[in-house]
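*Asks:* One file: data_9.cif (mmCIF, C-alpha atoms).
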data_model
#
loop_
_atom_site.label_atom_id
_atom_site.label_comp_id
_atom_site.auth_asym_id
_atom_site.auth_seq_id
_atom_site.Cartn_x
_atom_site.Cartn_y
_atom_site.Cartn_z
CA MET O 1 37.34 36.39 8.04
CA SER O 2 36.07 32.88 8.70
CA SER O 3 37.84 29.96 7.03
CA PRO O 4 36.34 28.46 3.84
CA VAL O 5 33.69 25.80 4.27
CA THR O 6 35.05 22.33 3.53
CA ALA O 7 33.30 19.92 1.18
CA ASP O 8 32.40 17.65 4.11
CA ARG O 9 30.91 20.52 6.10
CA ALA O 10 29.02 21.75 3.04
CA ARG O 11 27.48 18.31 2.69
CA ARG O 12 26.47 18.24 6.37
CA VAL O 13 24.86 21.67 6.09
CA LEU O 14 23.07 20.57 2.92
CA LEU O 15 21.64 17.54 4.70
CA LEU O 16 20.61 19.46 7.83
CA LEU O 17 18.93 22.28 5.90
CA THR O 18 17.23 19.68 3.72
CA VAL O 19 15.65 18.29 6.89
CA THR O 20 14.54 21.68 8.18
CA ARG O 21 13.18 22.57 4.74
CA TRP O 22 11.27 19.37 4.00
CA PHE O 23 10.07 18.08 7.38
CA PRO O 24 7.37 20.81 7.52
CA ILE O 25 6.34 19.83 3.98
CA GLY O 26 5.89 16.26 5.20
CA LEU O 27 3.43 17.49 7.79
CA VAL O 28 1.12 19.02 5.16
CA ILE O 29 1.74 16.99 2.01
CA GLY O 30 -1.13 14.64 2.73
CA VAL O 31 -3.66 17.30 3.75
CA SER O 32 -3.00 20.25 1.41
CA THR O 33 -5.42 18.95 -1.20
CA LEU O 34 -7.94 17.76 1.38
CA ILE O 35 -8.31 21.09 3.22
CA PRO O 36 -9.79 22.92 0.18
CA LEU O 37 -11.95 19.87 -0.51
CA GLU O 38 -13.20 19.94 3.10
CA ARG O 39 -14.01 23.65 2.73
CA GLY O 40 -16.20 23.13 -0.30
CA LEU O 41 -13.97 23.47 -3.37
CA SER O 42 -14.56 21.11 -6.30
CA VAL O 43 -11.83 19.00 -7.92
CA ALA O 44 -11.70 21.41 -10.88
CA GLU O 45 -11.37 24.40 -8.50
CA ILE O 46 -8.60 22.63 -6.60
CA GLY O 47 -6.84 22.15 -9.92
CA LEU O 48 -7.17 25.87 -10.61
CA VAL O 49 -5.83 26.74 -7.15
CA PHE O 50 -2.73 24.59 -7.47
CA ALA O 51 -2.22 25.73 -11.06
CA MET O 52 -1.76 29.26 -9.69
CA GLN O 53 1.45 28.17 -7.98
CA GLY O 54 2.87 26.79 -11.20
CA PHE O 55 2.10 29.88 -13.25
CA VAL O 56 3.81 32.12 -10.69
CA VAL O 57 6.82 29.79 -10.72
CA LEU O 58 6.82 29.95 -14.51
CA GLY O 59 7.07 33.73 -14.44
CA LEU O 60 9.60 34.07 -11.63
CA GLU O 61 11.96 31.11 -11.94
CA LEU O 62 14.50 32.72 -14.25
CA PRO O 63 14.56 36.13 -12.51
CA THR O 64 14.98 34.50 -9.09
CA GLY O 65 17.55 32.05 -10.42
CA GLY O 66 19.55 34.87 -11.97
CA LEU O 67 19.25 36.82 -8.74
CA ALA O 68 20.65 33.89 -6.73
CA ASP O 69 23.53 33.49 -9.19
CA SER O 70 24.35 37.20 -8.90
CA ILE O 71 23.80 38.27 -5.27
CA GLY O 72 24.28 34.86 -3.68
CA ARG O 73 22.19 31.86 -2.66
CA ARG O 74 21.83 32.65 1.05
CA PRO O 75 19.76 35.86 0.86
CA VAL O 76 17.45 34.34 -1.75
CA LEU O 77 16.92 31.23 0.37
CA LEU O 78 16.16 33.36 3.44
CA ALA O 79 13.63 35.40 1.46
CA SER O 80 11.98 32.23 0.20
CA THR O 81 11.40 30.99 3.75
CA VAL O 82 9.78 34.28 4.79
CA VAL O 83 7.38 34.01 1.85
CA ALA O 84 6.69 30.36 2.78
CA LEU O 85 5.54 31.53 6.22
CA ALA O 86 3.17 34.07 4.69
CA SER O 87 1.77 31.49 2.28
CA GLY O 88 1.12 28.99 5.05
CA LEU O 89 -0.75 31.52 7.16
CA VAL O 90 -2.98 32.62 4.28
CA PHE O 91 -3.69 28.99 3.32
CA VAL O 92 -4.66 27.82 6.80
CA PHE O 93 -7.13 30.71 7.21
CA ALA O 94 -8.55 30.49 3.65
CA GLN O 95 -12.28 29.81 3.31
CA SER O 96 -12.90 30.76 -0.32
CA LEU O 97 -11.53 30.11 -3.78
CA THR O 98 -10.01 33.61 -3.88
CA ALA O 99 -8.19 33.18 -0.58
CA PHE O 100 -6.76 29.84 -1.65
CA LEU O 101 -5.61 31.42 -4.92
CA VAL O 102 -3.74 34.11 -2.97
CA ALA O 103 -2.12 31.46 -0.77
CA LEU O 104 -0.92 29.51 -3.80
CA LEU O 105 0.27 32.70 -5.48
CA LEU O 106 2.55 33.25 -2.48
CA GLN O 107 3.46 29.58 -2.56
CA GLY O 108 4.57 30.05 -6.17
CA VAL O 109 6.81 32.97 -5.17
CA PHE O 110 8.30 30.77 -2.45
CA ARG O 111 8.90 27.88 -4.85
CA ALA O 112 10.58 30.14 -7.39
CA LEU O 113 12.90 31.64 -4.77
CA ASP O 114 13.57 28.26 -3.18
CA SER O 115 14.29 26.41 -6.41
CA GLY O 116 17.98 25.68 -6.66
CA PRO O 117 19.86 27.99 -4.22
CA LEU O 118 20.62 25.35 -1.57
CA GLU O 119 21.66 22.71 -4.11
CA ALA O 120 23.74 25.22 -6.11
CA TRP O 121 25.33 26.48 -2.88
CA TYR O 122 26.37 22.94 -1.97
CA VAL O 123 27.88 22.13 -5.39
CA ASP O 124 29.83 25.40 -5.62
CA THR O 125 30.99 25.30 -2.00
CA ALA O 126 32.09 21.67 -2.19
CA GLN O 127 33.89 22.17 -5.51
CA ALA O 128 35.61 25.31 -4.22
CA ASP O 129 37.17 23.17 -1.48
CA ASP O 130 37.70 20.01 -3.56
CA PRO O 131 37.36 20.35 -7.35
CA GLY O 132 37.27 16.57 -7.71
CA VAL O 133 34.45 15.97 -5.22
CA ARG O 134 31.69 13.62 -6.42
CA VAL O 135 28.71 15.90 -5.96
CA GLU O 136 26.30 13.15 -7.06
CA GLU O 137 27.06 11.38 -3.77
CA GLY O 138 26.01 14.44 -1.78
CA LEU O 139 22.94 14.99 -3.94
CA SER O 140 21.94 11.34 -3.53
CA ARG O 141 22.30 11.61 0.25
CA ALA O 142 20.25 14.79 0.20
CA GLY O 143 17.52 12.95 -1.69
CA THR O 144 17.61 10.20 0.92
CA VAL O 145 17.40 12.69 3.79
CA LEU O 146 14.62 14.57 1.99
CA GLY O 147 12.58 11.39 1.76
CA LEU O 148 13.14 10.50 5.41
CA ALA O 149 12.26 14.04 6.53
CA ILE O 150 8.98 14.03 4.62
CA ALA O 151 8.23 10.49 5.78
CA SER O 152 8.73 11.48 9.42
CA GLY O 153 6.56 14.55 8.96
CA ALA O 154 3.85 12.51 7.29
CA VAL O 155 3.79 9.99 10.15
CA ILE O 156 3.33 12.77 12.68
CA SER O 157 0.75 14.44 10.44
CA GLY O 158 -1.36 11.28 10.25
CA GLY O 159 -1.12 10.87 14.01
CA LEU O 160 -2.20 14.46 14.60
CA VAL O 161 -5.17 14.09 12.26
CA ALA O 162 -6.27 10.87 13.96
CA TRP O 163 -5.68 12.29 17.47
CA ASP O 164 -7.29 15.70 16.79
CA PRO O 165 -5.80 17.26 19.95
CA VAL O 166 -6.88 20.90 19.45
CA PRO O 167 -10.63 21.41 19.98
CA PHE O 168 -10.90 24.68 18.06
CA LEU O 169 -9.14 23.28 14.94
CA THR O 170 -10.36 20.65 12.48
CA PRO O 171 -8.24 17.46 12.32
CA LEU O 172 -6.72 18.55 9.00
CA GLU O 173 -5.69 22.01 10.29
CA THR O 174 -3.53 20.87 13.22
CA PRO O 175 -0.55 19.56 11.20
CA TYR O 176 -0.63 22.73 9.10
CA TRP O 177 -0.13 24.92 12.17
CA VAL O 178 2.74 22.74 13.40
CA SER O 179 4.30 23.07 9.95
CA ILE O 180 4.15 26.87 10.11
CA VAL O 181 6.05 26.88 13.41
CA LEU O 182 8.75 24.62 11.96
CA VAL O 183 9.14 26.78 8.85
CA ALA O 184 10.04 29.62 11.21
CA ALA O 185 12.66 27.35 12.79
CA SER O 186 14.04 26.58 9.32
CA LEU O 187 14.51 30.30 8.72
CA VAL O 188 16.71 30.54 11.82
CA ALA O 189 18.73 27.44 10.85
CA THR O 190 19.42 28.80 7.36
CA ALA O 191 20.56 32.17 8.72
CA VAL O 192 22.98 30.50 11.16
CA LEU O 193 24.44 27.65 9.10
CA MET O 194 24.70 28.87 5.51
CA LYS O 195 27.84 30.75 4.44
CA GLU O 196 28.48 31.83 0.85
CA PRO O 197 31.67 30.45 -0.76
CA VAL O 198 34.17 33.24 -1.35
CA THR O 199 34.60 32.05 -4.95
CA HIS O 200 31.00 32.99 -5.68
CA VAL O 201 30.25 36.30 -4.02
CA ASP O 202 32.12 38.75 -1.82
CA SER O 203 30.14 40.19 1.06
CA SER O 204 31.01 43.86 0.64
CA GLY O 205 27.65 45.22 1.65
CA LEU O 206 24.66 46.80 0.01
CA ARG O 207 26.58 48.31 -2.94
CA ARG O 208 27.83 44.87 -3.98
CA ALA O 209 24.33 43.40 -3.63
CA LEU O 210 22.81 46.12 -5.81
CA ASP O 211 25.56 45.82 -8.41
CA SER O 212 25.11 42.07 -8.49
CA ALA O 213 21.34 42.38 -8.81
CA ARG O 214 21.89 44.42 -11.97
CA GLU O 215 23.87 41.48 -13.34
CA ALA O 216 20.84 39.19 -13.07
CA PRO O 217 19.51 39.93 -16.61
CA ARG O 218 22.92 39.07 -18.06
CA VAL O 219 23.00 35.81 -16.10
CA ILE O 220 19.49 34.97 -17.30
CA GLY O 221 20.49 35.72 -20.88
CA GLY O 222 23.41 33.37 -20.54
CA GLY O 223 21.11 30.64 -19.28
CA LEU O 224 18.74 31.11 -22.21
CA ARG O 225 21.64 31.01 -24.67
CA LEU O 226 22.77 27.77 -23.07
CA LEU O 227 19.28 26.37 -23.49
CA ARG O 228 19.29 27.35 -27.16
CA SER O 229 22.79 26.10 -27.95
CA ASN O 230 23.03 22.93 -25.84
CA ARG O 231 20.61 20.25 -26.94
CA VAL O 232 21.36 18.13 -23.87
CA VAL O 233 20.16 20.95 -21.60
CA LEU O 234 17.14 21.53 -23.84
CA ALA O 235 16.15 17.86 -23.66
CA LEU O 236 16.71 17.62 -19.89
CA VAL O 237 14.55 20.68 -19.28
CA GLY O 238 11.96 19.19 -21.64
CA VAL O 239 11.79 16.09 -19.44
CA GLU O 240 9.99 18.22 -16.87
CA VAL O 241 6.98 18.71 -19.16
CA PHE O 242 6.16 15.02 -18.89
CA TRP O 243 7.46 14.39 -15.37
CA ALA O 244 5.43 17.31 -13.96
CA VAL O 245 2.19 16.10 -15.55
CA GLY O 246 2.82 12.65 -14.12
CA MET O 247 3.28 14.20 -10.68
CA ILE O 248 -0.27 15.55 -10.82
CA ALA O 249 -1.47 11.97 -10.54
CA PHE O 250 0.48 10.98 -7.46
CA GLU O 251 0.62 14.34 -5.69
CA THR O 252 -2.69 16.12 -6.36
CA PHE O 253 -5.07 13.32 -7.36
CA MET O 254 -3.87 10.59 -4.98
CA PRO O 255 -5.42 12.04 -1.77
CA ILE O 256 -8.66 12.80 -3.63
CA ARG O 257 -8.80 9.29 -5.08
CA LEU O 258 -8.07 7.80 -1.66
CA SER O 259 -10.89 9.82 -0.10
CA GLU O 260 -13.22 8.36 -2.75
CA VAL O 261 -12.30 4.76 -1.99
CA VAL O 262 -12.25 5.06 1.84
CA GLY O 263 -15.31 7.28 2.26
CA GLY O 264 -14.28 10.80 3.32
CA GLU O 265 -11.63 13.53 3.60
CA ALA O 266 -10.85 13.06 7.31
CA GLU O 267 -10.50 9.29 6.85
CA ALA O 268 -8.19 9.84 3.88
CA GLY O 269 -6.22 12.47 5.82
CA ALA O 270 -5.55 10.07 8.68
CA LEU O 271 -4.56 7.34 6.25
CA MET O 272 -2.39 9.60 4.08
CA GLY O 273 -0.09 10.15 7.08
CA PRO O 274 1.33 6.62 7.27
CA VAL O 275 0.95 6.13 3.51
CA SER O 276 2.93 9.29 2.74
CA ALA O 277 5.48 8.32 5.36
CA ALA O 278 6.00 4.95 3.73
CA ALA O 279 6.12 6.58 0.30
CA TRP O 280 8.77 9.09 1.29
CA GLY O 281 10.72 6.43 3.16
CA LEU O 282 10.80 4.49 -0.10
CA PHE O 283 11.70 7.73 -1.89
CA ALA O 284 14.75 7.83 0.39
CA VAL O 285 15.55 4.23 -0.51
CA GLY O 286 15.21 5.07 -4.19
CA SER O 287 17.53 8.07 -3.79
CA SER O 288 20.11 5.85 -2.13
CA LEU O 289 19.82 3.35 -4.97
CA ALA O 290 20.35 6.11 -7.52
CA ALA O 291 24.04 6.45 -6.68
CA LEU O 292 24.53 2.66 -6.78
CA LEU O 293 22.68 2.25 -10.07
CA SER O 294 24.51 5.21 -11.59
CA ARG O 295 27.85 3.58 -10.86
CA ARG O 296 26.66 0.29 -12.33
CA VAL O 297 24.73 1.31 -15.45
CA GLY O 298 25.38 5.06 -15.73
CA VAL O 299 23.47 8.14 -14.65
CA ALA O 300 21.51 8.50 -17.89
CA TRP O 301 20.30 4.89 -17.96
CA THR O 302 19.21 5.20 -14.34
CA ALA O 303 17.17 8.29 -15.25
CA ILE O 304 15.58 6.58 -18.27
CA ALA O 305 14.61 3.41 -16.42
CA SER O 306 13.19 5.41 -13.50
CA ALA O 307 11.08 7.63 -15.78
CA VAL O 308 9.55 4.78 -17.78
CA ALA O 309 8.83 2.55 -14.77
CA ARG O 310 7.39 5.47 -12.79
CA ALA O 311 4.99 6.27 -15.61
CA ALA O 312 3.87 2.64 -15.87
CA PHE O 313 3.06 2.33 -12.18
CA THR O 314 1.26 5.69 -12.21
CA VAL O 315 -1.08 4.20 -14.81
CA VAL O 316 -1.54 1.19 -12.51
CA MET O 317 -2.63 3.60 -9.74
CA GLY O 318 -5.53 4.72 -11.90
CA LEU O 319 -6.52 1.22 -12.97
CA THR O 320 -6.84 -0.22 -9.47
CA ALA O 321 -10.29 -0.10 -7.87
CA GLY O 322 -9.50 -0.56 -4.17
CA PRO O 323 -7.29 1.12 -1.56
CA VAL O 324 -4.75 -1.73 -1.34
CA GLY O 325 -3.87 -1.66 -5.04
CA LEU O 326 -3.89 2.15 -5.12
CA ILE O 327 -1.56 2.45 -2.14
CA THR O 328 0.78 -0.30 -3.36
CA ALA O 329 1.21 1.30 -6.78
CA PHE O 330 1.65 4.70 -5.12
CA LEU O 331 4.50 3.34 -2.99
CA VAL O 332 6.29 1.91 -6.04
CA VAL O 333 5.88 5.22 -7.87
CA TYR O 334 7.52 7.12 -5.03
CA THR O 335 10.45 4.71 -4.90
CA LEU O 336 11.07 5.38 -8.59
CA HIS O 337 10.48 9.11 -8.03
CA GLY O 338 13.37 9.01 -5.54
CA THR O 339 15.63 7.13 -7.96
CA GLY O 340 15.00 9.57 -10.79
CA GLY O 341 15.59 12.82 -8.87
CA PRO O 342 19.36 12.62 -8.13
CA SER O 343 20.01 11.19 -11.60
CA HIS O 344 18.21 14.07 -13.30
CA ALA O 345 19.94 16.62 -11.06
CA THR O 346 23.38 15.15 -11.76
CA LEU O 347 22.79 15.32 -15.51
CA LEU O 348 21.79 18.98 -15.18
CA HIS O 349 24.82 19.87 -13.06
CA ARG O 350 27.10 18.39 -15.72
CA GLN O 351 25.89 21.11 -18.08
CA ALA O 352 26.23 24.05 -15.66
CA GLU O 353 28.97 26.18 -14.15
CA ALA O 354 29.13 28.25 -10.97
CA ARG O 355 28.14 31.44 -12.84
CA ASN O 356 24.85 29.94 -14.11
CA ARG O 357 24.12 26.89 -11.97
CA THR O 358 21.04 28.24 -10.19
CA THR O 359 19.75 29.65 -13.49
CA VAL O 360 19.96 26.22 -15.12
CA LEU O 361 18.11 24.68 -12.18
CA SER O 362 15.55 27.48 -12.36
CA MET O 363 14.92 26.87 -16.06
CA ASN O 364 14.27 23.24 -15.19
CA SER O 365 11.84 24.17 -12.41
CA MET O 366 10.21 26.86 -14.53
CA VAL O 367 9.22 24.34 -17.17
CA ALA O 368 8.07 21.93 -14.47
CA GLY O 369 5.86 24.56 -12.85
CA GLY O 370 4.34 25.65 -16.14
CA ALA O 371 3.67 22.09 -17.27
CA TYR O 372 2.17 21.21 -13.89
CA SER O 373 -0.20 24.19 -14.04
CA LEU O 374 -1.30 23.59 -17.62
CA GLY O 375 -1.73 19.91 -16.83
CA LEU O 376 -3.94 20.73 -13.86
CA LEU O 377 -6.09 23.04 -15.96
CA ALA O 378 -6.65 20.17 -18.39
CA LEU O 379 -6.77 17.20 -16.01
CA GLY O 380 -8.89 18.86 -13.30
CA PRO O 381 -11.93 19.32 -15.54
CA LEU O 382 -11.28 15.91 -17.11
CA ALA O 383 -11.35 14.25 -13.68
CA GLU O 384 -14.46 16.25 -12.76
CA ALA O 385 -16.27 15.16 -15.96
CA THR O 386 -15.13 11.53 -15.89
CA SER O 387 -13.37 10.31 -12.75
CA THR O 388 -10.25 10.92 -10.72
CA ALA O 389 -9.02 7.49 -11.82
CA THR O 390 -9.22 8.54 -15.47
CA GLY O 391 -7.20 11.66 -14.74
CA ILE O 392 -4.51 9.52 -13.08
CA VAL O 393 -4.30 7.13 -16.05
CA VAL O 394 -4.02 9.96 -18.59
CA ALA O 395 -1.32 11.73 -16.57
CA GLY O 396 0.69 8.54 -16.17
CA ALA O 397 0.47 7.58 -19.84
CA PHE O 398 1.59 11.05 -20.93
CA SER O 399 4.59 11.03 -18.57
CA VAL O 400 6.21 7.95 -20.14
CA LEU O 401 7.55 10.19 -22.93
CA ALA O 402 10.03 11.68 -20.45
CA GLY O 403 12.27 8.65 -20.99
CA LEU O 404 12.90 9.59 -24.63
CA LEU O 405 14.27 13.01 -23.72
CA TYR O 406 17.13 11.49 -21.74
CA LEU O 407 18.63 10.03 -24.93
CA PRO O 408 20.84 13.08 -25.75
CA ALA O 409 22.30 12.90 -22.23
CA LEU O 410 22.83 9.16 -22.71
CA ARG O 411 24.75 9.75 -25.94
CA GLN O 412 26.87 12.41 -24.25
CA GLU O 413 27.58 10.13 -21.29
CA ARG O 414 28.71 7.36 -23.62
CA SER O 415 31.01 9.81 -25.42
CA MET O 416 32.46 10.94 -22.10
CA ASP O 417 33.17 7.32 -21.17
CA VAL O 418 34.88 6.75 -24.51
CA GLU O 419 36.94 9.92 -24.08
CA GLU O 420 38.15 8.76 -20.67
CA ALA O 421 39.27 5.47 -22.21
CA HIS O 422 40.60 6.93 -25.50
CA PRO O 423 40.99 10.71 -25.09
CA VAL O 424 42.29 11.57 -28.57
CA ALA O 425 39.89 9.45 -30.61
CA ALA O 426 36.80 10.62 -28.70
CA ARG O 427 37.15 14.37 -29.05
CA GLY O 428 35.04 14.60 -32.18
CA SER O 429 32.23 12.43 -30.84
CA VAL O 430 31.94 14.54 -27.68
CA ALA O 431 31.53 17.67 -29.78
CA VAL O 432 28.74 16.03 -31.77
CA ALA O 433 26.95 14.84 -28.60
CA ARG O 434 26.84 18.39 -27.27
#
Could you render the structure as structure tokens?
*Replies:*
Amino acid sequence: MSSPVTADRARRVLLLLTVTRWFPIGLVIGVSTLIPLERGLSVAEIGLVFAMQGFVVLGLELPTGGLADSIGRRPVLLASTVVALASGLVFVFAQSLTAFLVALLLQGVFRALDSGPLEAWYVDTAQADDPGVRVEEGLSRAGTVLGLAIASGAVISGGLVAWDPVPFLTPLETPYWVSIVLVAASLVATAVLMKEPVTHVDSSGLRRALDSAREAPRVIGGGLRLLRSNRVVLALVGVEVFWAVGMIAFETFMPIRLSEVVGGEAEAGALMGPVSAAAWGLFAVGSSLAALLSRRVGVAWTAIASAVARAAFTVVMGLTAGPVGLITAFLVVYTLHGTGGPSHATLLHRQAEARNRTTVLSMNSMVAGGAYSLGLLALGPLAEATSTATGIVVAGAFSVLAGLLYLPALRQERSMDVEEAHPVAARGSVAVAR
């Protein structure tokens, strides 16, 4: 039997697989909205297409999270990558609304399977080796690496669109095909590098896998009971309602708005490469700052400040009339997006245990996917009837409410700090905060 994976090695694997997972996303993040637009879909239809992904995630998050908590993170992550390959192939060949809907249905399955297993694997593996390890440091580094990976992919994507090296493909299709090849490489890397911690699952073959799969409903039930009984978890998951709607502005509407102000989809696609690269580079900077700010002012305050400031600058994106103001605000938003991610994840992990960690993360993503889809169904027609800028402003204004839902976590964090300083006196206040 191989020796247990150390906390340091788990962190290195986390960072490497984060690169292989997110670099292909960087290649397509700036063109995914533009390809359907180029092929004749309206803004409202694009909203419907991308809403499909969220609704599938909404339905599958808890079952897939429970499955990962019962049979292990590795097989679920491998399955997610296979589905990602299928989704990419359907998307790149799609020429109709129906075909794009199928592609995003598969994308939703991929997102549900992919949501949480790698992060949960890292936390459990690192804590199995060193119970006192500061997982927020690893999560912050992963956020930094994620941003750099997407930034690098976006730079190459913009160059490929501008270069247009393949005669039989449109400029927007080339980076998508490169992405598909690299997703296949990610599948190989995951299979080779990822080993389940022995504290989580024993690899005794098919019988164990089937027995564990039958445990998934119990794991899901435990997650739902946690959501019902722990108001901190309930509030943190509720944050995603507002955060996800805000993301519609800077993920889905940004490329469309940029195409409006620069004069075409191909022009916007070439520009979105370096713009996305800069944005995700700043996302990496923001993720690095998250650990520093958390040590200075606390994890909860970092999350609150990031959420409120991100919402404000999203509104600024919609109010600016030219490309310079739009891009500048977009870059600030992504910096704050990077700062908020590790803080939110750390607050969630404080509420979870090894037996339900992926389920808790899945509940969080499930709400995010559902809110994103419902938001698209509302904001897509709104943008079609008014303007894309109006849709951005409404999404940003709505998302500011996320800051309020971090208050229960803030009160708990303060109680934890008091307990560390005065253990006996603080016991009652910690119970109230939970």
*Asks:* Once the PyMOL selection byres ((chain O and resi 310-314) around 10) has been evaluated on this model, what residues remain selected, and can you format them as a PyMOL selection string?
*Replies:* chain O and resi 242-243+246-247+249-250+304-309+315-319+326+328-337+339-340+392-403
*Asks:* With distances taken over only C-alpha atoms, which of O:Thr144, O:Gln412, O:Ser373, O:Ser362 is nearest to Ala68 of chain O?
*Replies:* O:Ser362
*Asks:* Expand the PyMOL selection byres ((chain O and resi 162) around 9) into the individual residues it matches in the shown file, reporting them as a ChimeraX atom specification.
*Replies:* /O:157-161,163-165,171,266-267,269-271
*Asks:* With C-alpha atoms retained, export the selected residues as a short mmCIF file (atom, residue, chain, number, x, y, z; two decimals), in the frame of the given file.
*Replies:*
data_model
loop_
_atom_site.label_atom_id
_atom_site.label_comp_id
_atom_site.auth_asym_id
_atom_site.auth_seq_id
_atom_site.Cartn_x
_atom_site.Cartn_y
_atom_site.Cartn_z
CA SER O 157 0.75 14.44 10.44
CA GLY O 158 -1.36 11.28 10.25
CA GLY O 159 -1.12 10.87 14.01
CA LEU O 160 -2.20 14.46 14.60
CA VAL O 161 -5.17 14.09 12.26
CA TRP O 163 -5.68 12.29 17.47
CA ASP O 164 -7.29 15.70 16.79
CA PRO O 165 -5.80 17.26 19.95
CA PRO O 171 -8.24 17.46 12.32
CA ALA O 266 -10.85 13.06 7.31
CA GLU O 267 -10.50 9.29 6.85
CA GLY O 269 -6.22 12.47 5.82
CA ALA O 270 -5.55 10.07 8.68
CA LEU O 271 -4.56 7.34 6.25
#
*Asks:* Go ahead and compute the interatomic distance for atom CA of Ser152 of chain O and atom CA of Ala291 of chain O, in Å to one decimal.
*Replies:* 22.8 Å
*Asks:* May I ask which of the residues O:Thr388, O:Ser80, O:Ser294, O:Gln127 is the closest one to Leu106 of chain O, counting all atoms listed in the file?
*Replies:*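 Using all atoms listed in the file, the shortest distance to Leu106 of chain O belongs to O:Ser80.
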*Asks:* Let me make sure I understand: among O:Gly40, O:Gly143, O:Pro24, O:Gly264, which one has the smallest atom-to-atom distance to Val181 of chain O if we use all atoms listed in the file?
*Replies:*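 Using all atoms listed in the file, the shortest distance to Val181 of chain O belongs to O:Pro24.
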*Asks:* Write out as a ChimeraX atom specification each polymer residue whose atoms come within 9 Å of Ala99 of chain O, counting all atoms listed in the file; drop sequence neighbours fewer than 6 positions from it.
*Replies:* /O:90-91,93
*Asks:* Please report the interatomic distance between atom CA of Arg9 of chain O and atom CA of Asp114 of chain O in Å with one decimal.
*Replies:*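 So the two atoms, atom CA of Arg9 of chain O and atom CA of Asp114 of chain O, lie 21.1 Å apart.
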*Asks:* Given 8 Å of margin on each side, can you work out the centre and size in Å (one decimal) of an axis-aligned box holding every listed atom of segment 77-95 of chain O, as JSON?
*Replies:*
{"center_x": 2.3, "center_y": 31.6, "center_z": 3.7, "size_x": 45.2, "size_y": 23.6, "size_z": 23.0}
*Asks:* One decimal, Å: what's the distance from atom CA of Ile248 of chain O over to atom CA of Asn230 of chain O, could you say?
*Replies:*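 Distance between the two atoms: 28.7 Å.
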*Asks:* Give me the residues near Pro255 of chain O as a compact mmCIF listing (two decimals) with C-alpha atoms, keeping the file's coordinate frame, where near means some atom within 8 Å (using all atoms listed in the file) and where sequence neighbours in that chain fewer than 2 positions away do not count.
*Replies:*
# COMPACT_ATOMS: atom_id res chain seq x y z
CA GLY O 30 -1.13 14.64 2.73
CA VAL O 31 -3.66 17.30 3.75
CA THR O 33 -5.42 18.95 -1.20
CA LEU O 34 -7.94 17.76 1.38
CA GLU O 251 0.62 14.34 -5.69
CA THR O 252 -2.69 16.12 -6.36
CA PHE O 253 -5.07 13.32 -7.36
CA ARG O 257 -8.80 9.29 -5.08
CA LEU O 258 -8.07 7.80 -1.66
CA SER O 259 -10.89 9.82 -0.10
CA ALA O 268 -8.19 9.84 3.88
CA GLY O 269 -6.22 12.47 5.82
CA MET O 272 -2.39 9.60 4.08
*Asks:* Using the chain letters and numbers from the file, which residues does the PyMOL selection byres ((chain O and resi 364) around 10) grab, as a list in words?
*Replies:*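 Applying the expression gives Glu61, Leu62, Ser115, Gly116, Val233, Leu234, Leu236, Val237, Gly238, Val239, Glu240, Val241, Ala345, Leu348, Thr358, Thr359, Val360, Leu361, Ser362, Met363, Ser365, Met366, Val367, Ala368 and Gly369 of chain O.
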*Asks:* Would you mind telling me which residue in O:Gly391, O:Gly298, O:Gly47, O:Gly132 lies nearest to Met416 of chain O when using all atoms listed in the file?
*Replies:* O:Gly298
*Asks:* Could you tell me which of O:Thr386, O:Gly263, O:Asp124, O:Pro408 comes closest to Pro4 of chain O if we count only C-alpha atoms?
*Replies:* O:Asp124
*Asks:* How about completing segment 227-234 of chain O with N, CA and C atoms and giving it to me as a CSV table (one decimal), keeping the file's coordinate frame?
*Replies:*
chain,number,residue,atom,x,y,z
O,227,LEU,N,20.4,27.2,-23.1
O,227,LEU,CA,19.3,26.4,-23.5
O,227,LEU,C,19.1,26.3,-25.0
O,228,ARG,N,19.4,27.3,-25.7
O,228,ARG,CA,19.3,27.4,-27.2
O,228,ARG,C,20.4,26.6,-27.9
O,229,SER,N,21.6,26.7,-27.3
O,229,SER,CA,22.8,26.1,-28.0
O,229,SER,C,23.1,24.7,-27.5
O,230,ASN,N,22.7,24.3,-26.4
O,230,ASN,CA,23.0,22.9,-25.8
O,230,ASN,C,21.8,22.0,-25.9
O,231,ARG,N,21.8,21.1,-26.8
O,231,ARG,CA,20.6,20.2,-26.9
O,231,ARG,C,20.4,19.3,-25.8
O,232,VAL,N,21.5,19.0,-25.0
O,232,VAL,CA,21.4,18.1,-23.9
O,232,VAL,C,20.6,18.9,-22.8
O,233,VAL,N,20.9,20.1,-22.6
O,233,VAL,CA,20.2,21.0,-21.6
O,233,VAL,C,18.7,21.1,-22.0
O,234,LEU,N,18.5,21.4,-23.3
O,234,LEU,CA,17.1,21.5,-23.8
O,234,LEU,C,16.3,20.3,-23.6
